[in-house]
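Below: one structure, written as structure tokens.
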Amino acid sequence: MDVPNKLILDYALEHGETKAERIYLTQPVGGDGVVDYTWGQVIDQSRRMAAYLRSRGFEPGARIAVLSKNCAHFIMAELAIWMAGYTTVAIFPTETADTVRFVLEHSEASLLFVGKLDDWPRQRRGVPEGLPCIALPLAPTADFDNWDAILAAEQPIPGRPQRRADDIAMILYTSGSTGTPKGVMTSFAGITRAAEGIGMHTRAVVGRDLDHRTLSYLPLAHCYERSWVEAASLMNGRNRLYFVESLDTFLRDLRRARPTTFLSVPRLWAKFQQSVFEQMPPAKLDRLLRIPVVRGVVARKVREGLGLDHVIVAGSGAAPIPPDLIAWYRRIGLRLHEGYAMTEDAAYSHSSTSARNEPGYVGVALPGVQVRISDEGEILVRSPARMVGYYKRPDLDAQSFTEDGFFRTGDLGELRADGLLKITGRAKELFKIAKGKYVAPAPIENRLNAHPMVELSLVAGAGQPGPCAIVQLDESLRPRLADPALRMRVQGELERLLDEVNAQLPDYERLRTLVVAIEPWSIENGFLTPTMKLRRARIEAAVQPQVAQWYESGRKVQWADGDAASTERLRGGAVSA
């Protein structure tokens with residue numbers, strides 16, 4: 001059913017007319033060079049590409065895919081797809097060839113835009129033979145039709161292209177942390193309501209309208225960046241988006257943008273903290289922050305060093321963040337807010353506000369969102385941005401909602417009287433130890449991850465006498481572990497960490513051992529999703545042959561490089577893509 005409100009494409013087209021000279025997108029092009037695109041230029045290029053797409057004669061609603069890192073032309077391509085009457089399917093730019101092929105074939109994509117990529121030769125093997133491709137500016141060299149050449153030959157599509165509220169705007173493929181990616185269909189009404197609600201939330205946090213600067217670097221194929229950065233900027237018209245050239249230039253790109261809004265994920269917030277600790281030991285910084293006369297100066301210097309000194313709105317999402325990390329950022333003057341949502345509601349569910357926030361809680365329901373806790377402790381959410389359904393999976397649709405339209409999140413939680421929501425675990429991640437007790441791994445992992453030496457951790461132990469944890473040390477430590485003296489110091493610190501964490505847990509949840517993974521878990525070896533969540537099943541399957549030995553040893557801390565086989569399993573060598 002059509003909603004009589006303006007849709008996101010209407011907002012963008014209006015900005016192209018009323019804000020034609022205003023800079024919207026800033027794209028680095030190598031060295032210190034950048035190209036700025038005004039709203040007028042963005043809409044003109046999108047109209048020309050839309051005319052070309054229409055000329056191909058695809059069926060209404062045809063799926064058009066985009067495989068690209070974040071860049072200005074990702075957004076222009078999406079606008080062109082929408083103007084032409086089609087549906088966007090974005091693929092994570094780090095995906096394997098097998099996943100690229102799965103998404104293209106499952107979505108029945110009619111065409112693929114290829115943009116900025118780091119590993120195109122490998123990924124190209126996943127593109128079906130005969131699928132038409134268009135190379136965006138900054139794409140790897142390929143024998144495809146070229147964006148600029150197409151635009152030079154096309155006239156802009158005229159008028160105000162219209163879409164229906166119930167048309168599918170995008171299919172968001174989940175990052176596959178629990179198996180094969182699922183295609184979540186989001187309508188124009190859904191993504192518009194999310195963008196409008198995010199705008200309302202941002203104004204409430206800031207207290208007024210601002211011209212925001214945002215650095216877009218989390219994958220646009222993920223709902224978090226798609227809704228909170230792209231969609232919000234398309235609706236608002238006053239947000240200027242900056243992009244990152246590469247990982248090596250991240251700090252330079254960040255300083256160029258001087259963002260007022262900065263969104264990230266827990267792992268990166270932890271890395272930023274570690275970069276501060278590399279410059280100043282935590283104990284010294286803590287002492288300085290306790291001195292009233294210098295506290296403000298020190299906090300400002302830390303924010304300047306991170307490139308976040310202009311940030312007004314700071315957010316963390318996509319995974320749980322340790323409460324101690326939020327508290328640390330607030331000590332240095334960055335009001336970091338945690339949020340909670342999922343692909344199925346276009347990342348529009350919960351967020352902290354200026355009035356209602358507390359470390360350990362993911363905030364309150366955003367405007368228009370309803371939440372309740374089921375008798376089993378599961379969080380149920382009804383959002384105005386709820387999905388239309390899973391593409392080609394009506395069987396999953398029936399399982400996903402209650403009879404009155406609440407989405408079954410699969411997360412366990414507690415709801416305070418003031419509306420603050422706490423995530424206490426993931427129903428599907430609970431495991432039963434030999435004593436018959438259930439263990440929720442996420443809260444224990446958060447305690448471990450709060451330690452400066454720990455980058456990631458995984459708690460497991462189904463059917464065992466008690467849980468154990470596999471930890472990955474911070475990347476600054478890993479290259480130096482060949483030094484026996486350093487390894488001994490790390491061993492002692494981890495033993496103290498184990499004792500401290502266990503002292504806060506009931507007996508049945510206490511960790512029997514910590515196992516240090518020497519080789520990194522990464523997106524490339526298949527142990528992390530593109531949004532850096534753990535792929536638990538893959539990691540647990542890889543280490544399964546060693547689990548009994550870990551429990552039998554009786555040691556508090558063990559190292560995975562004790563034998564070549566365990567090292568190879570933990571580095572991903574024994575796991576198929």
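Residues in the structure tokens are named by chain (A, B, ... in the order shown) and by number from 1 within that chain; ligands are numbered from 1 in the order shown.
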
I'd like a table as JSON lines: residues in segment 278-351 of chain A with an atom no more than 12 Å from segment 456-463 of chain A, each row giving the shortest atom pair and its distance in Å to one decimal, only C-alpha atoms counted, sorted by chain and rising residue number.
```
{"residue": "A:Pro320", "atom": "CA", "partner": "A:Leu456", "partner_atom": "CA", "distance": 11.9}
{"residue": "A:Ile321", "atom": "CA", "partner": "A:Leu456", "partner_atom": "CA", "distance": 11.4}
{"residue": "A:Pro322", "atom": "CA", "partner": "A:Leu456", "partner_atom": "CA", "distance": 11.5}
```

(request) Would you mind listing what lies within 10 Å of Lys19 of chain A as a count of residues only, with only C-alpha atoms counted and same-chain residues fewer than 2 positions away left out? (result) 15

(request) Please return as a list in words: the residues of segment 150-264 of chain A that backbone DSSP assigns to strand (DSSP E). (result) Ile168, Ala169, Met170, Ile171, Leu172, Tyr173, Gly183, Val184, Met185, Thr186, Ser187, Arg213, Thr214, Leu215, Ser216, Arg240, Leu241, Tyr242, Phe243, Thr261, Phe262, Leu263 and Ser264 of chain A

Expected file contents, prior selection, N, CA and C atoms, as a PDB file, in the first residue's frame:
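That gives us result_9.pdb:
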```
ATOM      1  N   ILE A 168      10.367  -2.543  -4.050  1.00  0.00           N
ATOM      2  CA  ILE A 168      11.577  -2.956  -3.344  1.00  0.00           C
ATOM      3  C   ILE A 168      12.729  -2.043  -3.775  1.00  0.00           C
ATOM      4  N   ALA A 169      13.286  -1.297  -2.816  1.00  0.00           N
ATOM      5  CA  ALA A 169      14.401  -0.393  -3.111  1.00  0.00           C
ATOM      6  C   ALA A 169      15.721  -1.152  -3.173  1.00  0.00           C
ATOM      7  N   MET A 170      15.891  -2.102  -2.253  1.00  0.00           N
ATOM      8  CA  MET A 170      17.172  -2.807  -2.173  1.00  0.00           C
ATOM      9  C   MET A 170      16.978  -4.188  -1.568  1.00  0.00           C
ATOM     10  N   ILE A 171      17.858  -5.080  -1.948  1.00  0.00           N
ATOM     11  CA  ILE A 171      17.953  -6.380  -1.282  1.00  0.00           C
ATOM     12  C   ILE A 171      19.287  -6.382  -0.562  1.00  0.00           C
ATOM     13  N   LEU A 172      19.230  -6.462   0.766  1.00  0.00           N
ATOM     14  CA  LEU A 172      20.432  -6.433   1.598  1.00  0.00           C
ATOM     15  C   LEU A 172      20.785  -7.866   1.989  1.00  0.00           C
ATOM     16  N   TYR A 173      21.885  -8.359   1.473  1.00  0.00           N
ATOM     17  CA  TYR A 173      22.305  -9.714   1.809  1.00  0.00           C
ATOM     18  C   TYR A 173      23.085  -9.689   3.116  1.00  0.00           C
ATOM     19  N   GLY A 183      18.775 -12.796   1.608  1.00  0.00           N
ATOM     20  CA  GLY A 183      18.458 -11.532   0.965  1.00  0.00           C
ATOM     21  C   GLY A 183      17.270 -10.861   1.639  1.00  0.00           C
ATOM     22  N   VAL A 184      17.514  -9.748   2.317  1.00  0.00           N
ATOM     23  CA  VAL A 184      16.462  -9.028   3.038  1.00  0.00           C
ATOM     24  C   VAL A 184      15.921  -7.927   2.124  1.00  0.00           C
ATOM     25  N   MET A 185      14.642  -8.002   1.792  1.00  0.00           N
ATOM     26  CA  MET A 185      14.024  -7.027   0.894  1.00  0.00           C
ATOM     27  C   MET A 185      13.516  -5.822   1.687  1.00  0.00           C
ATOM     28  N   THR A 186      14.002  -4.632   1.321  1.00  0.00           N
ATOM     29  CA  THR A 186      13.602  -3.393   1.983  1.00  0.00           C
ATOM     30  C   THR A 186      12.887  -2.502   0.970  1.00  0.00           C
ATOM     31  N   SER A 187      11.712  -2.037   1.334  1.00  0.00           N
ATOM     32  CA  SER A 187      10.911  -1.212   0.433  1.00  0.00           C
ATOM     33  C   SER A 187      11.346   0.244   0.494  1.00  0.00           C
ATOM     34  N   ARG A 213      29.286  16.738   8.630  1.00  0.00           N
ATOM     35  CA  ARG A 213      30.319  16.125   7.793  1.00  0.00           C
ATOM     36  C   ARG A 213      30.500  14.691   8.301  1.00  0.00           C
ATOM     37  N   THR A 214      30.468  13.736   7.381  1.00  0.00           N
ATOM     38  CA  THR A 214      30.545  12.323   7.752  1.00  0.00           C
ATOM     39  C   THR A 214      31.561  11.621   6.869  1.00  0.00           C
ATOM     40  N   LEU A 215      32.397  10.770   7.476  1.00  0.00           N
ATOM     41  CA  LEU A 215      33.323   9.937   6.713  1.00  0.00           C
ATOM     42  C   LEU A 215      32.664   8.582   6.486  1.00  0.00           C
ATOM     43  N   SER A 216      32.457   8.224   5.227  1.00  0.00           N
ATOM     44  CA  SER A 216      31.813   6.957   4.884  1.00  0.00           C
ATOM     45  C   SER A 216      32.893   5.924   4.594  1.00  0.00           C
ATOM     46  N   ARG A 240      27.393  16.349   4.278  1.00  0.00           N
ATOM     47  CA  ARG A 240      28.434  16.180   3.257  1.00  0.00           C
ATOM     48  C   ARG A 240      29.187  14.894   3.553  1.00  0.00           C
ATOM     49  N   LEU A 241      29.285  14.023   2.574  1.00  0.00           N
ATOM     50  CA  LEU A 241      29.944  12.741   2.752  1.00  0.00           C
ATOM     51  C   LEU A 241      31.352  12.766   2.166  1.00  0.00           C
ATOM     52  N   TYR A 242      32.300  12.287   2.939  1.00  0.00           N
ATOM     53  CA  TYR A 242      33.687  12.116   2.506  1.00  0.00           C
ATOM     54  C   TYR A 242      33.972  10.617   2.450  1.00  0.00           C
ATOM     55  N   PHE A 243      34.887  10.238   1.571  1.00  0.00           N
ATOM     56  CA  PHE A 243      35.229   8.824   1.423  1.00  0.00           C
ATOM     57  C   PHE A 243      36.706   8.611   1.708  1.00  0.00           C
ATOM     58  N   THR A 261      29.910  13.872  12.517  1.00  0.00           N
ATOM     59  CA  THR A 261      29.247  12.597  12.808  1.00  0.00           C
ATOM     60  C   THR A 261      30.222  11.486  12.473  1.00  0.00           C
ATOM     61  N   PHE A 262      30.439  10.574  13.410  1.00  0.00           N
ATOM     62  CA  PHE A 262      31.376   9.483  13.155  1.00  0.00           C
ATOM     63  C   PHE A 262      30.796   8.198  13.720  1.00  0.00           C
ATOM     64  N   LEU A 263      30.579   7.234  12.847  1.00  0.00           N
ATOM     65  CA  LEU A 263      30.019   5.936  13.224  1.00  0.00           C
ATOM     66  C   LEU A 263      31.065   4.856  13.005  1.00  0.00           C
ATOM     67  N   SER A 264      31.120   3.906  13.911  1.00  0.00           N
ATOM     68  CA  SER A 264      32.091   2.834  13.761  1.00  0.00           C
ATOM     69  C   SER A 264      31.547   1.570  14.412  1.00  0.00           C
TER      70      SER A 264
END
```

(request) Give me the residues within 9 Å of Asp167 of chain A as number ranges by chain, counting only C-alpha atoms and dropping any in the same chain fewer than 5 places off. (result) A: 61, 85-87, 186-189

(request) Point out the residue among A:Thr99, A:Ser354, A:Gln546, A:Thr402 with the least atom-to-atom distance to Thr202 of chain A, counting only C-alpha atoms. (result) A:Ser354

(message) Measuring between only C-alpha atoms, which one of A:Pro137, A:Pro282, A:Pro93, A:Pro530 shows the shortest distance to Met76 of chain A?
(response)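 Checking each of A:Pro137, A:Pro282, A:Pro93, A:Pro530 against Met76 of chain A, counting only C-alpha atoms, the winner is A:Pro137.
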
(message) Neighbouring residues of segment 329-341 of chain A were defined as those with any atom within 8 Å, considering only C-alpha atoms; residues of the same chain fewer than 5 positions away were excluded. Please report them as a PyMOL selection string.
(response) chain A and resi 289+296+298-300+302-303+311-318+321+346-353+357+361-363

Give me, as a short mmCIF file (atom, residue, chain, number, x, y, z; two decimals) with all heavy atoms, in the first residue's frame, all polymer residues having an atom no more than 12 Å from Asp375 of chain A, counting only C-alpha atoms and skipping those fewer than 3 positions away in the same chain.
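What ended up in result14.cif:
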```cif
data_model
loop_
_atom_site.label_atom_id
_atom_site.label_comp_id
_atom_site.auth_asym_id
_atom_site.auth_seq_id
_atom_site.Cartn_x
_atom_site.Cartn_y
_atom_site.Cartn_z
N ARG A 372 9.26 -5.31 22.92
CA ARG A 372 8.84 -6.03 24.12
C ARG A 372 9.71 -7.27 24.26
O ARG A 372 10.41 -7.66 23.32
CB ARG A 372 7.35 -6.39 24.04
CG ARG A 372 6.99 -7.45 23.02
CD ARG A 372 5.51 -7.82 23.12
NE ARG A 372 5.16 -8.93 22.27
CZ ARG A 372 4.24 -8.90 21.31
NH1 ARG A 372 3.58 -7.77 21.06
NH2 ARG A 372 3.96 -9.98 20.60
N GLU A 378 13.26 -13.33 24.69
CA GLU A 378 13.71 -12.85 23.39
C GLU A 378 13.21 -11.42 23.14
O GLU A 378 12.07 -11.08 23.46
CB GLU A 378 13.21 -13.77 22.28
CG GLU A 378 13.69 -13.37 20.89
CD GLU A 378 13.16 -14.29 19.80
OE1 GLU A 378 12.23 -15.08 20.08
OE2 GLU A 378 13.67 -14.22 18.66
N ILE A 379 14.05 -10.60 22.54
CA ILE A 379 13.67 -9.24 22.17
C ILE A 379 12.83 -9.29 20.91
O ILE A 379 13.24 -9.86 19.88
CB ILE A 379 14.92 -8.37 21.94
CG1 ILE A 379 15.78 -8.31 23.20
CG2 ILE A 379 14.52 -6.96 21.51
CD1 ILE A 379 17.16 -7.71 22.97
N LEU A 380 11.65 -8.68 20.96
CA LEU A 380 10.74 -8.60 19.82
C LEU A 380 10.60 -7.13 19.43
O LEU A 380 10.36 -6.28 20.29
CB LEU A 380 9.38 -9.19 20.17
CG LEU A 380 9.36 -10.61 20.75
CD1 LEU A 380 7.93 -11.01 21.11
CD2 LEU A 380 9.96 -11.60 19.75
N LEU A 412 18.53 -12.14 23.24
CA LEU A 412 17.94 -12.14 24.58
C LEU A 412 18.22 -10.78 25.23
O LEU A 412 19.29 -10.20 25.03
CB LEU A 412 18.55 -13.25 25.43
CG LEU A 412 18.43 -14.66 24.84
CD1 LEU A 412 19.18 -15.66 25.71
CD2 LEU A 412 16.97 -15.07 24.70
N GLY A 413 17.25 -10.27 26.01
CA GLY A 413 17.47 -8.95 26.57
C GLY A 413 16.61 -8.65 27.78
O GLY A 413 15.73 -9.43 28.16
N GLU A 414 16.91 -7.49 28.36
CA GLU A 414 16.15 -6.98 29.49
C GLU A 414 15.76 -5.54 29.18
O GLU A 414 16.57 -4.77 28.67
CB GLU A 414 17.00 -7.02 30.77
CG GLU A 414 17.46 -8.41 31.17
CD GLU A 414 18.49 -8.38 32.28
OE1 GLU A 414 18.86 -7.24 32.73
OE2 GLU A 414 18.94 -9.45 32.72
#
```

(request) Quick one: everything within 9 Å of Gln273 of chain A, counting only C-alpha atoms, minus sequence neighbours fewer than 5 positions away in the same chain. Send it as a ChimeraX atom specification. (result) /A:268,278,306,325,328-329,452

(request) Would you please work out which residue, of A:Leu420, A:Pro394, A:Val29, A:Ala62, is nearest to Ser246 of chain A when using only C-alpha atoms? (result)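 Under the stated criterion, the closest residue is A:Val29.
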
(message) Show me, as an MDAnalysis selection string, the residues that have an atom within 10 Å of Leu486 of chain A when counting only C-alpha atoms, minus same-chain residues fewer than 6 positions from it.
(response) chainID A and resid 477 480 492

Would you write out those residues with N, CA, C and O atoms, as a CSV table (one decimal), in the first residue's frame?
```csv
chain,number,residue,atom,x,y,z
A,477,LEU,N,50.9,-6.5,19.5
A,477,LEU,CA,51.6,-7.5,20.3
A,477,LEU,C,52.1,-8.7,19.4
A,477,LEU,O,53.1,-9.3,19.6
A,480,ARG,N,55.6,-9.6,18.0
A,480,ARG,CA,56.7,-9.6,19.0
A,480,ARG,C,56.7,-10.8,19.9
A,480,ARG,O,57.5,-10.8,20.9
A,492,GLY,N,51.5,-14.0,32.1
A,492,GLY,CA,51.1,-13.6,33.4
A,492,GLY,C,49.9,-12.6,33.4
A,492,GLY,O,49.0,-12.8,34.3
```

(message) According to DSSP computed on the backbone, where in segment 486-552 of chain A is there alpha helix (DSSP H)? Give the residues as a VMD selection string.
(response) chain A and resid 486 to 502 536 to 552

(message) Here is a test: counting only C-alpha atoms, which residue of A:Ala537, A:Phe431, A:Leu25, A:Thr88 is nearest to Asn239 of chain A?
(response)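 Result for the nearest residue to Asn239 of chain A: A:Leu25.
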
(request) Enter the distance from atom CA of Leu494 of chain A to atom CA of Asp474 of chain A, in Å, rounded to one decimal. (result) 12.6 Å

(message) Restricting the calculation to only C-alpha atoms: of A:Arg47, A:Arg160, A:Arg124, A:Arg256, which residue gets closest to Glu78 of chain A?
(response)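 With only C-alpha atoms as the atom set, the closest residue is A:Arg47.
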